[in-house]
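J.: Here you go, this is start.cif (mmCIF, C-alpha atoms and all ligand atoms).
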data_upload
#
loop_
_atom_site.group_PDB
_atom_site.id
_atom_site.type_symbol
_atom_site.label_atom_id
_atom_site.label_comp_id
_atom_site.auth_asym_id
_atom_site.auth_seq_id
_atom_site.Cartn_x
_atom_site.Cartn_y
_atom_site.Cartn_z
ATOM 1 C CA MET A 285 -15.118 -0.627 -3.013
ATOM 2 C CA ILE A 286 -12.776 2.330 -3.102
ATOM 3 C CA TYR A 287 -12.419 4.375 0.096
ATOM 4 C CA GLU A 288 -10.670 7.734 -0.149
ATOM 5 C CA LEU A 289 -9.414 9.373 3.044
ATOM 6 C CA THR A 290 -10.976 12.759 3.752
ATOM 7 C CA ASN A 291 -9.130 13.937 6.854
ATOM 8 C CA PRO A 292 -7.557 17.429 6.498
ATOM 9 C CA VAL A 293 -4.323 16.041 7.960
ATOM 10 C CA THR A 294 -4.212 13.551 5.070
ATOM 11 C CA LYS A 295 -4.654 16.340 2.534
ATOM 12 C CA THR A 296 -1.915 18.367 4.217
ATOM 13 C CA LEU A 297 0.552 15.479 4.040
ATOM 14 C CA ILE A 298 -0.326 14.833 0.385
ATOM 15 C CA THR A 299 0.387 18.480 -0.419
ATOM 16 C CA HIS A 300 3.769 18.177 1.320
ATOM 17 C CA LEU A 301 4.484 15.047 -0.768
ATOM 18 C CA ARG A 302 3.718 16.865 -4.012
ATOM 19 C CA ASP A 303 6.373 19.478 -3.216
ATOM 20 C CA GLN A 304 9.413 18.497 -5.304
ATOM 21 C CA ARG A 305 11.668 20.128 -2.692
ATOM 22 C CA ARG A 306 10.738 17.368 -0.246
ATOM 23 C CA ASP A 307 13.908 15.265 -0.075
ATOM 24 C CA ALA A 308 13.992 11.448 -0.160
ATOM 25 C CA ILE A 309 14.074 10.882 3.580
ATOM 26 C CA ARG A 310 11.139 13.219 4.220
ATOM 27 C CA PHE A 311 9.293 11.776 1.184
ATOM 28 C CA ARG A 312 9.585 8.264 2.651
ATOM 29 C CA HIS A 313 8.640 9.528 6.087
ATOM 30 C CA THR A 314 5.482 11.226 4.767
ATOM 31 C CA ILE A 315 4.512 8.108 2.809
ATOM 32 C CA ALA A 316 4.921 6.165 6.058
ATOM 33 C CA GLU A 317 2.700 8.580 8.013
ATOM 34 C CA LEU A 318 -0.017 8.395 5.347
ATOM 35 C CA THR A 319 0.233 4.607 5.392
ATOM 36 C CA LYS A 320 -0.532 4.565 9.110
ATOM 37 C CA GLN A 321 -3.659 6.625 8.450
ATOM 38 C CA LEU A 322 -4.688 4.108 5.771
ATOM 39 C CA VAL A 323 -4.121 1.173 8.126
ATOM 40 C CA TYR A 324 -6.290 2.706 10.859
ATOM 41 C CA GLU A 325 -9.094 3.297 8.353
ATOM 42 C CA ALA A 326 -8.808 -0.056 6.586
ATOM 43 C CA LEU A 327 -8.747 -2.074 9.820
ATOM 44 C CA LYS A 328 -11.268 -0.076 11.808
ATOM 45 C CA ASP A 329 -13.747 -2.996 11.872
ATOM 46 C CA PHE A 330 -11.140 -5.759 11.839
ATOM 47 C CA PRO A 331 -11.931 -8.608 14.251
ATOM 48 C CA LEU A 332 -9.987 -8.985 17.470
ATOM 49 C CA VAL A 333 -8.858 -12.261 18.964
ATOM 50 C CA GLU A 334 -7.957 -13.124 22.521
ATOM 51 C CA LYS A 335 -4.218 -13.134 23.178
ATOM 52 C CA GLU A 336 -2.378 -14.318 26.222
ATOM 53 C CA ILE A 337 0.246 -11.906 27.484
ATOM 54 C CA VAL A 338 2.263 -11.478 30.678
ATOM 55 C CA PRO A 339 0.493 -8.633 32.489
ATOM 56 C CA TRP A 340 1.388 -6.995 35.797
ATOM 57 C CA HIS A 341 -2.109 -7.910 37.078
ATOM 58 C CA GLY A 342 -4.915 -10.314 36.149
ATOM 59 C CA ASP A 343 -5.019 -13.502 34.084
ATOM 60 C CA GLY A 344 -3.264 -12.136 30.994
ATOM 61 C CA HIS A 345 -6.086 -12.529 28.461
ATOM 62 C CA PHE A 346 -6.491 -9.436 26.275
ATOM 63 C CA HIS A 347 -7.713 -8.588 22.786
ATOM 64 C CA ALA A 348 -5.601 -7.740 19.741
ATOM 65 C CA ILE A 349 -5.560 -8.114 15.970
ATOM 66 C CA ASP A 350 -4.264 -11.529 14.975
ATOM 67 C CA GLU A 351 -1.165 -9.951 13.422
ATOM 68 C CA GLU A 352 0.513 -13.277 12.634
ATOM 69 C CA ASN A 353 -2.244 -13.988 10.098
ATOM 70 C CA ILE A 354 -1.726 -10.707 8.245
ATOM 71 C CA ILE A 355 0.681 -10.708 5.313
ATOM 72 C CA VAL A 356 1.894 -7.294 4.203
ATOM 73 C CA VAL A 357 2.813 -7.538 0.520
ATOM 74 C CA THR A 358 4.788 -4.679 -0.941
ATOM 75 C CA VAL A 359 5.424 -3.843 -4.583
ATOM 76 C CA LEU A 360 9.074 -2.880 -5.075
ATOM 77 C CA ARG A 361 10.477 -0.356 -5.011
ATOM 78 C CA ALA A 362 8.151 2.446 -4.066
ATOM 79 C CA GLY A 363 6.080 0.279 -1.710
ATOM 80 C CA MET A 364 8.991 -0.280 0.698
ATOM 81 C CA PRO A 365 8.300 2.687 3.026
ATOM 82 C CA MET A 366 4.668 1.535 3.216
ATOM 83 C CA LEU A 367 5.695 -1.992 4.242
ATOM 84 C CA ASP A 368 7.955 -0.649 6.992
ATOM 85 C CA SER A 369 5.175 1.588 8.235
ATOM 86 C CA VAL A 370 2.542 -1.175 8.431
ATOM 87 C CA MET A 371 5.026 -3.398 10.251
ATOM 88 C CA GLU A 372 5.731 -0.664 12.784
ATOM 89 C CA LEU A 373 2.035 -0.811 13.704
ATOM 90 C CA LEU A 374 1.553 -4.568 13.315
ATOM 91 C CA ALA A 375 4.934 -5.807 14.441
ATOM 92 C CA ASN A 376 4.036 -9.508 14.250
ATOM 93 C CA SER A 377 2.648 -9.348 10.723
ATOM 94 C CA VAL A 378 4.567 -11.160 8.002
ATOM 95 C CA ALA A 379 6.185 -9.531 4.944
ATOM 96 C CA GLY A 380 5.886 -10.548 1.297
ATOM 97 C CA PHE A 381 7.616 -8.998 -1.704
ATOM 98 C CA LEU A 382 6.678 -8.572 -5.353
ATOM 99 C CA ALA A 383 8.921 -6.794 -7.830
ATOM 100 C CA ILE A 384 6.942 -5.227 -10.659
ATOM 101 C CA LYS A 385 8.392 -2.780 -13.162
ATOM 102 C CA ARG A 386 6.467 -0.634 -15.559
ATOM 103 C CA ASP A 387 8.063 -0.333 -18.990
ATOM 104 C CA GLU A 388 8.174 3.438 -19.468
ATOM 105 C CA SER A 389 7.745 3.246 -23.261
ATOM 106 C CA THR A 390 4.890 0.703 -23.498
ATOM 107 C CA HIS A 391 3.547 1.411 -19.953
ATOM 108 C CA GLU A 392 3.049 -2.340 -19.559
ATOM 109 C CA SER A 393 3.907 -3.761 -16.153
ATOM 110 C CA HIS A 394 5.983 -6.881 -15.652
ATOM 111 C CA LEU A 395 6.251 -9.011 -12.495
ATOM 112 C CA TYR A 396 9.840 -10.273 -12.310
ATOM 113 C CA TYR A 397 10.325 -11.509 -8.740
ATOM 114 C CA ASP A 398 8.144 -12.823 -5.965
ATOM 115 C CA ARG A 399 8.839 -13.864 -2.417
ATOM 116 C CA LEU A 400 5.574 -14.506 -0.619
ATOM 117 C CA PRO A 401 5.060 -16.575 2.534
ATOM 118 C CA GLU A 402 2.154 -19.057 2.814
ATOM 119 C CA CYS A 403 -0.944 -16.934 2.069
ATOM 120 C CA LYS A 404 -3.727 -19.530 2.143
ATOM 121 C CA GLY A 405 -6.532 -18.360 4.426
ATOM 122 C CA LYS A 406 -4.613 -15.218 5.485
ATOM 123 C CA THR A 407 -5.467 -11.533 5.137
ATOM 124 C CA ILE A 408 -3.226 -9.721 2.665
ATOM 125 C CA LEU A 409 -2.498 -6.009 2.968
ATOM 126 C CA LEU A 410 -1.126 -5.109 -0.476
ATOM 127 C CA VAL A 411 0.752 -1.793 -0.467
ATOM 128 C CA ASP A 412 1.927 0.358 -3.379
ATOM 129 C CA PRO A 413 1.839 4.164 -3.303
ATOM 130 C CA MET A 414 0.846 4.688 -6.951
ATOM 131 C CA VAL A 415 -1.996 3.389 -9.134
ATOM 132 C CA ALA A 416 -1.479 4.946 -12.574
ATOM 133 C CA THR A 417 -2.802 2.661 -15.363
ATOM 134 C CA GLY A 418 -3.540 0.047 -12.705
ATOM 135 C CA GLY A 419 -1.453 -2.537 -14.581
ATOM 136 C CA SER A 420 0.994 -3.162 -11.714
ATOM 137 C CA MET A 421 -1.806 -3.522 -9.166
ATOM 138 C CA LYS A 422 -3.712 -5.919 -11.421
ATOM 139 C CA ASP A 423 -0.558 -8.029 -11.909
ATOM 140 C CA ALA A 424 -0.017 -8.102 -8.144
ATOM 141 C CA LEU A 425 -3.631 -9.105 -7.472
ATOM 142 C CA GLU A 426 -3.639 -11.766 -10.171
ATOM 143 C CA PHE A 427 -0.548 -13.335 -8.608
ATOM 144 C CA ILE A 428 -1.783 -13.023 -5.015
ATOM 145 C CA LYS A 429 -5.163 -14.572 -5.862
ATOM 146 C CA THR A 430 -3.402 -17.783 -6.970
ATOM 147 C CA LYS A 431 -2.173 -18.112 -3.351
ATOM 148 C CA LYS A 432 -5.755 -18.377 -2.012
ATOM 149 C CA PRO A 433 -5.803 -15.736 0.748
ATOM 150 C CA SER A 434 -9.099 -15.272 2.598
ATOM 151 C CA ARG A 435 -9.128 -11.522 1.969
ATOM 152 C CA VAL A 436 -7.066 -8.878 0.197
ATOM 153 C CA ILE A 437 -7.066 -5.199 1.188
ATOM 154 C CA VAL A 438 -5.179 -2.696 -0.974
ATOM 155 C CA LEU A 439 -3.522 0.450 0.444
ATOM 156 C CA ASN A 440 -2.444 3.222 -1.945
ATOM 157 C CA ILE A 441 -1.364 6.823 -1.544
ATOM 158 C CA ILE A 442 -2.299 8.347 -4.957
ATOM 159 C CA GLY A 443 -4.300 6.957 -7.868
ATOM 160 C CA SER A 444 -5.789 8.026 -11.161
ATOM 161 C CA PRO A 445 -9.548 7.555 -11.687
ATOM 162 C CA GLU A 446 -8.910 5.391 -14.762
ATOM 163 C CA GLY A 447 -6.354 3.149 -13.002
ATOM 164 C CA LEU A 448 -8.585 2.644 -9.983
ATOM 165 C CA GLU A 449 -11.538 1.855 -12.249
ATOM 166 C CA ALA A 450 -9.413 -0.724 -14.111
ATOM 167 C CA VAL A 451 -8.422 -2.417 -10.835
ATOM 168 C CA SER A 452 -11.845 -2.351 -9.225
ATOM 169 C CA SER A 453 -13.639 -3.630 -12.312
ATOM 170 C CA ALA A 454 -11.145 -6.512 -12.643
ATOM 171 C CA TYR A 455 -11.348 -7.256 -8.885
ATOM 172 C CA PRO A 456 -14.732 -6.004 -7.622
ATOM 173 C CA ASP A 457 -14.437 -7.990 -4.369
ATOM 174 C CA ILE A 458 -11.346 -6.093 -3.223
ATOM 175 C CA ASP A 459 -11.395 -3.075 -0.939
ATOM 176 C CA ILE A 460 -9.015 -0.269 -1.890
ATOM 177 C CA TYR A 461 -8.075 2.382 0.682
ATOM 178 C CA ILE A 462 -6.408 5.386 -0.883
ATOM 179 C CA ALA A 463 -5.227 8.689 0.541
ATOM 180 C CA GLN A 464 -6.104 10.787 -2.548
ATOM 181 C CA ILE A 465 -7.666 10.205 -5.972
ATOM 182 C CA ASP A 466 -6.100 12.570 -8.491
ATOM 183 C CA GLU A 467 -7.424 14.022 -11.750
ATOM 184 C CA LYS A 468 -6.095 11.959 -14.648
ATOM 185 C CA LEU A 469 -3.136 10.383 -16.432
ATOM 186 C CA ASN A 470 -1.002 12.323 -18.874
ATOM 187 C CA GLU A 471 0.168 11.008 -22.282
ATOM 188 C CA ASN A 472 3.090 9.202 -20.580
ATOM 189 C CA LYS A 473 0.686 7.553 -18.129
ATOM 190 C CA TYR A 474 1.905 9.597 -15.185
ATOM 191 C CA ILE A 475 -0.634 10.688 -12.599
ATOM 192 C CA ILE A 476 -1.631 14.359 -12.782
ATOM 193 C CA PRO A 477 -1.037 16.276 -10.545
ATOM 194 C CA GLY A 478 0.578 13.213 -8.911
ATOM 195 C CA LEU A 479 3.973 13.019 -7.282
ATOM 196 C CA GLY A 480 6.260 12.281 -10.221
ATOM 197 C CA ASP A 481 8.090 8.949 -10.074
ATOM 198 C CA ALA A 482 7.557 7.743 -6.515
ATOM 199 C CA GLY A 483 10.414 5.188 -6.612
ATOM 200 C CA ASP A 484 12.890 7.785 -7.832
ATOM 201 C CA ARG A 485 11.768 10.329 -5.272
ATOM 202 C CA ALA A 486 11.966 7.824 -2.413
ATOM 203 C CA TYR A 487 15.429 6.547 -3.316
ATOM 204 C CA ASN A 488 17.301 9.443 -4.996
ATOM 205 C CA THR A 489 17.416 7.832 -8.447
ATOM 206 C CA THR A 490 16.601 9.324 -11.820
ATOM 207 C CA GLU A 491 15.570 6.271 -13.864
HETATM 208 C C1 LIG A 501 5.405 2.595 -9.951
HETATM 209 C C2 LIG A 501 4.475 2.434 -8.759
HETATM 210 C C3 LIG A 501 3.530 1.351 -9.205
HETATM 211 C C4 LIG A 501 3.465 1.581 -10.706
HETATM 212 C C5 LIG A 501 2.142 2.187 -11.062
HETATM 213 O O1 LIG A 501 6.368 1.622 -9.968
HETATM 214 O O2 LIG A 501 5.128 2.138 -7.558
HETATM 215 O O3 LIG A 501 4.009 0.063 -8.908
HETATM 216 O O4 LIG A 501 4.520 2.484 -11.054
HETATM 217 O O5 LIG A 501 1.990 2.284 -12.446
HETATM 218 P P1 LIG A 501 0.835 1.488 -13.229
HETATM 219 O O6 LIG A 501 -0.414 1.626 -12.396
HETATM 220 O O7 LIG A 501 0.728 2.206 -14.539
HETATM 221 O O8 LIG A 501 1.253 0.067 -13.379
HETATM 222 P P2 LIG A 501 7.523 1.542 -11.092
HETATM 223 O O9 LIG A 501 7.153 0.546 -12.133
HETATM 224 O O10 LIG A 501 7.856 2.937 -11.553
HETATM 225 O O11 LIG A 501 8.740 0.916 -10.284
HETATM 226 P P3 LIG A 501 9.646 1.528 -9.128
HETATM 227 O O12 LIG A 501 8.800 1.545 -7.864
HETATM 228 O O13 LIG A 501 10.760 0.563 -9.056
HETATM 229 O O14 LIG A 501 10.077 2.914 -9.519
HETATM 230 N N1 LIG A 502 4.577 5.530 -11.313
HETATM 231 C C1 LIG A 502 4.868 6.604 -10.530
HETATM 232 O O1 LIG A 502 5.729 6.491 -9.640
HETATM 233 N N2 LIG A 502 4.222 7.753 -10.755
HETATM 234 C C2 LIG A 502 3.262 7.879 -11.702
HETATM 235 O O2 LIG A 502 2.679 8.977 -11.837
HETATM 236 C C3 LIG A 502 2.976 6.763 -12.514
HETATM 237 C C4 LIG A 502 3.636 5.600 -12.284
#
Represent the supplied structure as structure tokens.

T.:
Amino acid sequence: MIYELTNPVTKTLITHLRDQRRDAIRFRHTIAELTKQLVYEALKDFPLVEKEIVPWHGDGHFHAIDEENIIVVTVLRAGMPMLDSVMELLANSVAGFLAIKRDESTHESHLYYDRLPECKGKTILLVDPMVATGGSMKDALEFIKTKKPSRVIVLNIIGSPEGLEAVSSAYPDIDIYIAQIDEKLNENKYIIPGLGDAGDRAYNTTE
């Protein structure tokens, strides 16, 4: 299923992100704020477990998400601010990294580096701000599925209808939480109206 956020605050932040005058630090910060909104929505029914803490009063048994069994997998580069944001909320979650680059002439994606912890039986939160053709997300999911997690939840900021359809028809069992679904792709497979190149905008590069 695909779940698109509807909150007016979300829409306001997306509009700020679209503004090309938004510099890299504020771009990353806005991505991070939107990611927190996605996490709250995606985990709103997530089970709680009993944790033992050191309280000022009582026996110390309280409920929390079992953060240690959540793996936050980011797709480099543009997913980095999303990873940091999830781990600010779920400080004991575990990070995983995939490097996937889209060839800008063929638009084919290519996974060229992976560094994932043990995923078997764990919940994966896969974060990447952009779903354009969906090729990068499908590569990431194909790789992650080989690691036998119990569940995968995808968090995105902006996606095209065609890219999201490609991902959800290849992986119908996966829930995708996205801040905004845009109109279409252009002839260069960029999302319209989109954000431009999210990696470049986040890190002050031009290619
Ligand atoms: C961007 C983005 C996605 C991908 C989406 O990464 O972060 O991973 O493009 O495009 P797709 O759906 O058509 O595959 P990019 O390859 O530009 O790498 P970068 O983050 O290093 O800039
Ligand atoms: N990658 C981006 O960063 N933006 C797009 O619109 C498409 C792919």

J.: Specify as a list in words each residue included when the PyMOL selection byres (((chain A and resi 307-319) around 7) and not hetatm) is applied to this file.

T.: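 Selection result, ordered by chain and number: Thr294, Leu297, Leu301, Arg305, Arg306, Lys320, Gln321, Leu322, Val323, Pro365, Met366, Ser369, Val370, Arg485, Ala486, Tyr487 and Asn488 of chain A.
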
J.: How would you report the residues lying within 7 Å of ligand LIG 501 (chain A), as a JSON list (two decimals) with C-alpha atoms, keeping the file's coordinate frame, if you count only C-alpha atoms and all ligand atoms?

T.:
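Result went into out27.json, see below:
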[["chain", "number", "residue", "atom", "x", "y", "z"],
["A", 359, "VAL", "CA", 5.42, -3.84, -4.58],
["A", 360, "LEU", "CA", 9.07, -2.88, -5.08],
["A", 361, "ARG", "CA", 10.48, -0.36, -5.01],
["A", 362, "ALA", "CA", 8.15, 2.45, -4.07],
["A", 363, "GLY", "CA", 6.08, 0.28, -1.71],
["A", 384, "ILE", "CA", 6.94, -5.23, -10.66],
["A", 385, "LYS", "CA", 8.39, -2.78, -13.16],
["A", 386, "ARG", "CA", 6.47, -0.63, -15.56],
["A", 387, "ASP", "CA", 8.06, -0.33, -18.99],
["A", 391, "HIS", "CA", 3.55, 1.41, -19.95],
["A", 392, "GLU", "CA", 3.05, -2.34, -19.56],
["A", 393, "SER", "CA", 3.91, -3.76, -16.15],
["A", 412, "ASP", "CA", 1.93, 0.36, -3.38],
["A", 413, "PRO", "CA", 1.84, 4.16, -3.30],
["A", 414, "MET", "CA", 0.85, 4.69, -6.95],
["A", 415, "VAL", "CA", -2.00, 3.39, -9.13],
["A", 416, "ALA", "CA", -1.48, 4.95, -12.57],
["A", 417, "THR", "CA", -2.80, 2.66, -15.36],
["A", 418, "GLY", "CA", -3.54, 0.05, -12.70],
["A", 419, "GLY", "CA", -1.45, -2.54, -14.58],
["A", 420, "SER", "CA", 0.99, -3.16, -11.71],
["A", 421, "MET", "CA", -1.81, -3.52, -9.17],
["A", 447, "GLY", "CA", -6.35, 3.15, -13.00],
["A", 473, "LYS", "CA", 0.69, 7.55, -18.13],
["A", 481, "ASP", "CA", 8.09, 8.95, -10.07],
["A", 482, "ALA", "CA", 7.56, 7.74, -6.52],
["A", 483, "GLY", "CA", 10.41, 5.19, -6.61],
["A", 484, "ASP", "CA", 12.89, 7.78, -7.83]]

J.: So how many Å separate CA of Lys335 in chain A and CA of Val378 in chain A, to one decimal?

T.: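 Here the two named atoms are 17.6 Å from each other.
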
J.: Using the chain letters and numbers from the file, which residues does the PyMOL selection byres (((chain A and resi 347) around 12) and not hetatm) grab, as a PyMOL selection string?

T.: chain A and resi 330-337+344-346+348-351

J.: Rank nothing, just name the residue among A:Asn440, A:Ser453, A:Asn291, A:Thr490 nearest to Asp466 in chain A, using all atoms listed in the file.

T.: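 Comparing A:Asn440, A:Ser453, A:Asn291, A:Thr490 against Asp466 in chain A, the winner is A:Asn440.
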
J.: Work out how far apart CA of Val411 in chain A and CA of Ser389 in chain A are and give it in Å to one decimal.

T.: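 Rounded to one decimal, the two atoms are 24.4 Å apart.
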
J.: Quick one: which residues end up in the PyMOL selection byres (((chain A and resi 454-460) around 9) and not hetatm) for this structure, as number ranges by chain?

T.: A: 285-288, 326, 422, 425, 435-440, 448-453, 461-462

J.: Take CA of Leu395 in chain A and CA of Glu426 in chain A and report the distance between them in Å, one decimal.

T.: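 Distance between the two atoms: 10.5 Å.
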
J.: I need the residue nearest Asn376 in chain A from this list: A:Ile354, A:Ile428, A:Ile465, A:Met364. Use only C-alpha atoms for the distance.

T.: A:Ile354

J.: Please provide the set of residues having any atom within 12 Å of Pro433 in chain A, restricted to only C-alpha atoms, with same-chain residues fewer than 4 positions apart removed, written as a ChimeraX atom specification.

T.: /A:353-357,400-410,425-429,437,458

J.: Could those residues be written to a file, using C-alpha atoms, as a PDB file, keeping the file's coordinate frame?

T.:
ATOM      1  CA  ASN A 353      -2.244 -13.988  10.098  1.00  0.00           C
ATOM      2  CA  ILE A 354      -1.726 -10.707   8.245  1.00  0.00           C
ATOM      3  CA  ILE A 355       0.681 -10.708   5.313  1.00  0.00           C
ATOM      4  CA  VAL A 356       1.894  -7.294   4.203  1.00  0.00           C
ATOM      5  CA  VAL A 357       2.813  -7.538   0.520  1.00  0.00           C
ATOM      6  CA  LEU A 400       5.574 -14.506  -0.619  1.00  0.00           C
ATOM      7  CA  PRO A 401       5.060 -16.575   2.534  1.00  0.00           C
ATOM      8  CA  GLU A 402       2.154 -19.057   2.814  1.00  0.00           C
ATOM      9  CA  CYS A 403      -0.944 -16.934   2.069  1.00  0.00           C
ATOM     10  CA  LYS A 404      -3.727 -19.530   2.143  1.00  0.00           C
ATOM     11  CA  GLY A 405      -6.532 -18.360   4.426  1.00  0.00           C
ATOM     12  CA  LYS A 406      -4.613 -15.218   5.485  1.00  0.00           C
ATOM     13  CA  THR A 407      -5.467 -11.533   5.137  1.00  0.00           C
ATOM     14  CA  ILE A 408      -3.226  -9.721   2.665  1.00  0.00           C
ATOM     15  CA  LEU A 409      -2.498  -6.009   2.968  1.00  0.00           C
ATOM     16  CA  LEU A 410      -1.126  -5.109  -0.476  1.00  0.00           C
ATOM     17  CA  LEU A 425      -3.631  -9.105  -7.472  1.00  0.00           C
ATOM     18  CA  GLU A 426      -3.639 -11.766 -10.171  1.00  0.00           C
ATOM     19  CA  PHE A 427      -0.548 -13.335  -8.608  1.00  0.00           C
ATOM     20  CA  ILE A 428      -1.783 -13.023  -5.015  1.00  0.00           C
ATOM     21  CA  LYS A 429      -5.163 -14.572  -5.862  1.00  0.00           C
ATOM     22  CA  ILE A 437      -7.066  -5.199   1.188  1.00  0.00           C
ATOM     23  CA  ILE A 458     -11.346  -6.093  -3.223  1.00  0.00           C
TER      24      ILE A 458
END

J.: Pick from A:Ile441, A:Leu374, A:Ala383, A:Ile475: nearest to ligand LIG 502 (chain A), with all atoms listed in the file counted?

T.: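 Using all atoms listed in the file, ligand LIG 502 (chain A) sits closest to A:Ile475.
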
J.: Can you patch up range 478-491 of chain A, filling it in to N, CA, C and O atoms, and show the result as a PDB file, keeping the file's coordinate frame?

T.:
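In the end it all went to selection.pdb:
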ATOM      1  N   GLY A 478      -0.355  14.275  -9.275  1.00  0.00           N
ATOM      2  CA  GLY A 478       0.578  13.213  -8.911  1.00  0.00           C
ATOM      3  C   GLY A 478       1.756  13.651  -8.073  1.00  0.00           C
ATOM      4  O   GLY A 478       1.766  14.720  -7.441  1.00  0.00           O
ATOM      5  N   LEU A 479       2.757  12.789  -8.083  1.00  0.00           N
ATOM      6  CA  LEU A 479       3.973  13.019  -7.282  1.00  0.00           C
ATOM      7  C   LEU A 479       5.223  12.981  -8.136  1.00  0.00           C
ATOM      8  O   LEU A 479       6.316  13.228  -7.635  1.00  0.00           O
ATOM      9  N   GLY A 480       5.089  12.638  -9.428  1.00  0.00           N
ATOM     10  CA  GLY A 480       6.260  12.281 -10.221  1.00  0.00           C
ATOM     11  C   GLY A 480       6.511  10.791 -10.025  1.00  0.00           C
ATOM     12  O   GLY A 480       5.604  10.035  -9.679  1.00  0.00           O
ATOM     13  N   ASP A 481       7.746  10.363 -10.239  1.00  0.00           N
ATOM     14  CA  ASP A 481       8.090   8.949 -10.074  1.00  0.00           C
ATOM     15  C   ASP A 481       8.364   8.674  -8.596  1.00  0.00           C
ATOM     16  O   ASP A 481       9.376   9.123  -8.044  1.00  0.00           O
ATOM     17  N   ALA A 482       7.461   7.928  -7.967  1.00  0.00           N
ATOM     18  CA  ALA A 482       7.557   7.743  -6.515  1.00  0.00           C
ATOM     19  C   ALA A 482       8.820   6.971  -6.123  1.00  0.00           C
ATOM     20  O   ALA A 482       9.449   7.280  -5.106  1.00  0.00           O
ATOM     21  N   GLY A 483       9.197   5.963  -6.925  1.00  0.00           N
ATOM     22  CA  GLY A 483      10.414   5.188  -6.612  1.00  0.00           C
ATOM     23  C   GLY A 483      11.649   6.062  -6.665  1.00  0.00           C
ATOM     24  O   GLY A 483      12.510   6.022  -5.774  1.00  0.00           O
ATOM     25  N   ASP A 484      11.739   6.873  -7.703  1.00  0.00           N
ATOM     26  CA  ASP A 484      12.890   7.785  -7.832  1.00  0.00           C
ATOM     27  C   ASP A 484      12.932   8.773  -6.676  1.00  0.00           C
ATOM     28  O   ASP A 484      13.996   9.041  -6.103  1.00  0.00           O
ATOM     29  N   ARG A 485      11.788   9.309  -6.341  1.00  0.00           N
ATOM     30  CA  ARG A 485      11.768  10.329  -5.272  1.00  0.00           C
ATOM     31  C   ARG A 485      12.099   9.720  -3.911  1.00  0.00           C
ATOM     32  O   ARG A 485      12.727  10.367  -3.075  1.00  0.00           O
ATOM     33  N   ALA A 486      11.688   8.463  -3.710  1.00  0.00           N
ATOM     34  CA  ALA A 486      11.966   7.824  -2.413  1.00  0.00           C
ATOM     35  C   ALA A 486      13.429   7.432  -2.272  1.00  0.00           C
ATOM     36  O   ALA A 486      13.953   7.377  -1.159  1.00  0.00           O
ATOM     37  N   TYR A 487      14.088   7.145  -3.404  1.00  0.00           N
ATOM     38  CA  TYR A 487      15.429   6.547  -3.316  1.00  0.00           C
ATOM     39  C   TYR A 487      16.505   7.298  -4.101  1.00  0.00           C
ATOM     40  O   TYR A 487      17.547   6.728  -4.430  1.00  0.00           O
ATOM     41  N   ASN A 488      16.262   8.587  -4.402  1.00  0.00           N
ATOM     42  CA  ASN A 488      17.301   9.443  -4.996  1.00  0.00           C
ATOM     43  C   ASN A 488      17.844   8.912  -6.315  1.00  0.00           C
ATOM     44  O   ASN A 488      19.043   9.039  -6.593  1.00  0.00           O
ATOM     45  N   THR A 489      16.971   8.289  -7.133  1.00  0.00           N
ATOM     46  CA  THR A 489      17.416   7.832  -8.447  1.00  0.00           C
ATOM     47  C   THR A 489      16.735   8.686  -9.530  1.00  0.00           C
ATOM     48  O   THR A 489      15.791   9.432  -9.233  1.00  0.00           O
ATOM     49  N   THR A 490      17.200   8.530 -10.750  1.00  0.00           N
ATOM     50  CA  THR A 490      16.601   9.324 -11.820  1.00  0.00           C
ATOM     51  C   THR A 490      16.052   8.458 -12.940  1.00  0.00           C
ATOM     52  O   THR A 490      15.528   8.972 -13.930  1.00  0.00           O
ATOM     53  N   GLU A 491      16.138   7.134 -12.813  1.00  0.00           N
ATOM     54  CA  GLU A 491      15.570   6.271 -13.864  1.00  0.00           C
ATOM     55  C   GLU A 491      15.248   4.898 -13.294  1.00  0.00           C
ATOM     56  O   GLU A 491      15.725   4.535 -12.242  1.00  0.00           O
TER      57      GLU A 491
END
